[in-house]
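> Take this structure first; my questions come after.
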Amino acid sequence: MESYIRAVQILPIAFVVWLFLTACSPLNTPQQVAFDDVLWKAQYGKADETNIRLGMIADLFHRYDNLIGMSRTDVLNMLGPSNTTFTNGETDLTSDLLAYVVGSRWSGEVVVLYISFEDDRVVETYTREY
């Protein structure tokens, strides 16, 4: 009986440790893959954990210096159409901000890449989770 009581007392502690370890596990971090524009474009519209764009972000930023200074045309040629849309479904090509859904984490948070332009050149890139 004592061993049963001891096991019941340890169970909540074990659960908290398991919860902490899984929250900090590699499952939370996407597998890093080299940026590939063909694979990137093939992921258009996917907002689930199978979207591999999230794993490409680090290489994309490293290889292209966060896209800073690139023209809008070069960005659109490399990344394809953005997910920024008007209510009629037309992609907003004149906006100073483009948005690309890059996937979601196992927790369900959708990750979006934002690219800001001034005078048709990239001035800032960042990601947000929703």
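Following the order of the structure tokens, chains are lettered A, B, ..., residues in each are numbered from 1, and ligands are numbered from 1.
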Give me the residues near stretch 38-49 of chain A as an MDAnalysis selection string, where near means some atom within 6 Å (using only C-alpha atoms) and where sequence neighbours in that chain fewer than 5 positions away do not count.
chainID A and resid 80 103:105
> Using only C-alpha atoms, determine which residues lie at most 10 Å from A:Arg72, disregarding the query and same-chain residues fewer than 6 positions distant; provide the list as a ChimeraX atom specification.
/A:78,93-94,96,98,115-122
> With N, CA and C atoms kept, could you save the residues just selected as a CSV table (one decimal), in the first residue's frame?

chain,number,residue,atom,x,y,z
A,78,MET,N,11.3,35.2,-56.5
A,78,MET,CA,11.9,34.2,-55.6
A,78,MET,C,10.9,33.5,-54.8
A,93,LEU,N,-0.3,43.8,-54.8
A,93,LEU,CA,1.1,43.9,-55.2
A,93,LEU,C,1.6,45.4,-55.0
A,94,THR,N,0.8,46.3,-54.6
A,94,THR,CA,1.2,47.6,-54.4
A,94,THR,C,1.4,48.0,-52.9
A,96,ASP,N,3.0,48.2,-49.2
A,96,ASP,CA,4.4,48.3,-48.6
A,96,ASP,C,4.7,47.1,-47.8
A,98,LEU,N,4.4,42.8,-47.6
A,98,LEU,CA,3.9,41.5,-48.1
A,98,LEU,C,3.9,40.5,-46.9
A,115,ILE,N,7.4,41.2,-45.0
A,115,ILE,CA,8.5,41.8,-45.7
A,115,ILE,C,8.0,43.3,-46.0
A,116,SER,N,8.7,44.3,-45.5
A,116,SER,CA,8.4,45.7,-45.6
A,116,SER,C,9.2,46.3,-46.7
A,117,PHE,N,8.6,47.2,-47.5
A,117,PHE,CA,9.3,47.9,-48.6
A,117,PHE,C,9.2,49.4,-48.4
A,118,GLU,N,10.2,50.0,-48.9
A,118,GLU,CA,10.2,51.5,-49.1
A,118,GLU,C,10.9,51.7,-50.4
A,119,ASP,N,10.3,52.5,-51.3
A,119,ASP,CA,10.8,52.8,-52.6
A,119,ASP,C,11.1,51.5,-53.4
A,120,ASP,N,10.2,50.5,-53.3
A,120,ASP,CA,10.3,49.3,-54.0
A,120,ASP,C,11.5,48.4,-53.6
A,121,ARG,N,12.1,48.7,-52.4
A,121,ARG,CA,13.2,47.9,-51.9
A,121,ARG,C,12.9,47.4,-50.5
A,122,VAL,N,13.3,46.2,-50.2
A,122,VAL,CA,13.1,45.6,-48.8
A,122,VAL,C,13.9,46.4,-47.8
> Can you work out which one of A:Val123, A:Leu54, A:Ala34, A:Leu97 has the shortest atom-to-atom distance to A:Met70, counting only C-alpha atoms?
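Using only C-alpha atoms, the shortest distance to A:Met70 belongs to A:Val123.
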